[in-house]
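J.: Here it is: the structure, laid out below.
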Amino acid sequence: MHIEPGNGTQHLELLLLGLAEDPELQPLIFGLFLSMYLVTVLGNLLIILATISDSHLHTPMYYFLSNLSFVDICLTSTTIPKMLVNIQTQSKAITYAGCITQIHFFVLFTGLDDFLLTVMAYDRFVAICHPLHYMVIMNGRLCGFLVLVSWVVSALHAFLQSLMVLRLSFCPDLEIPHFFCELNQVVHCACSDTFLNELVIYFAVVFLGGVPLTGILYSYCKIVSSIRAISSVQGKYKAFSTCASHLSVVSLFYGTSLGVYFSSAVTQNSHSIATASVMYTVVTPMLNPFIYSLRNKDIKSALRRLCEKV
């Protein structure tokens, strides 16, 4: 028996198997993920508040950073709260509508993370390679336009992927070996032909993953050649330090997401893939505020002033 799309799927319940089957591990996982979620929300919220409240941070770089922090809060809020509720209620169920909603917003916010990191790489490229024209090139209109394009493209992609999942049919009591409705896992669990879905996912990975990554690598190639051309060691260090935080975040985001992608291609162990996914879905958004605040004097000063105001 299977349920056709649009024929009773709204009453279908799916089961999220989570990270571990052992009931004794559930309280530990609950505590760990609740802590990580609270740290992520608080850390990113502080970055947003510091950027808004401090006039010294009203620059393109920090405008993009505050957008990235907002997206990271939304990304973790898409997956972790439902997981925590399921552990607390000792239930693995998620409704069909809830699953589609998770897929839509997860695809939207991971896409936005990707695009914003690319926009930030372009910002660093202009700052280091064309410092005299920086404020002219990176004007408010261009910054707003770049963020708007990132939102529009990510939203259209998320909408397409959601529609593609809606056309599939699923069997009752469907078990998803993950802690949230991850697009690939849900597609592989469908009872109907998934060739078209896999094709769309493949092209999305190539274009929406490959093009931004190429942009980031190109920007950093130009940045490295510009830094090498600087004669003083102090000048080189100063130029590199403005990129260090962004480079750390890019390495973390792409390193973990590509690691999950290649491990899923090599191994069929769904639980190890789900555990690896924690790195880019939970750990990376949590570490971003620390990377930016610990290595950045402007953010530290802004946070100090914000605490004094409070």
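A note on labels: chains of the structure tokens are A, B, ... as shown, every chain counts residues from 1, and ligands are counted from 1 in their shown order.
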Extract, using only C-alpha atoms, all DNA, RNA and protein residues at most 10 Å from range 247-260 of chain A, discarding same-chain residues fewer than 2 positions from it, and format them as a ChimeraX atom specification.
T.: /A:110,113-114,117-118,120-121,209,213,216,220,240-245,262-266,272-281,283-285,287-289,291-292
J.: Quick one: pick out all strand (DSSP E or B) residues within range 14-253 of chain A from a backbone DSSP run and write them as an NGL selection string.
T.: :A and (14-16 or 93-95 or 170 or 174-176)
J.: Save out the residues we just selected, N, CA and C atoms, as a compact mmCIF listing (two decimals), in the first residue's frame.
T.:
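Output below, filename result.txt:
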# COMPACT_ATOMS: atom_id res chain seq x y z
N LEU A 14 5.28 10.77 9.48
CA LEU A 14 6.58 10.19 9.23
C LEU A 14 7.32 10.07 10.55
N LEU A 15 8.27 9.17 10.61
CA LEU A 15 9.01 8.96 11.85
C LEU A 15 10.47 9.40 11.68
N LEU A 16 10.90 10.33 12.52
CA LEU A 16 12.30 10.77 12.50
C LEU A 16 13.07 9.92 13.51
N ALA A 93 7.37 11.12 15.73
CA ALA A 93 6.48 11.51 14.63
C ALA A 93 6.65 12.95 14.19
N ILE A 94 6.47 13.15 12.88
CA ILE A 94 6.36 14.49 12.30
C ILE A 94 5.30 14.40 11.20
N THR A 95 4.43 15.38 11.13
CA THR A 95 3.36 15.34 10.11
C THR A 95 3.97 15.55 8.73
N PHE A 170 4.35 8.40 -0.82
CA PHE A 170 5.07 7.78 0.30
C PHE A 170 4.26 6.65 0.92
N LEU A 174 6.49 5.67 7.44
CA LEU A 174 7.78 5.91 6.79
C LEU A 174 8.81 6.34 7.84
N GLU A 175 9.96 5.68 7.83
CA GLU A 175 11.02 6.00 8.79
C GLU A 175 12.15 6.76 8.10
N ILE A 176 12.49 7.95 8.61
CA ILE A 176 13.57 8.75 8.05
C ILE A 176 14.77 8.67 9.01
J.: For a quick check of understanding, using only C-alpha atoms, which of A:Lys309, A:His157, A:His246, A:His130 has the smallest distance to Phe64 in chain A?
T.: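 Using only C-alpha atoms, the shortest distance to Phe64 in chain A belongs to A:His246.
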J.: Within 12 Å of Gly140 in chain A, counting only C-alpha atoms, which residues qualify if same-chain residues fewer than 6 places away don't, as a PyMOL selection string?
T.: chain A and resi 58-61+63-64+134+146-147
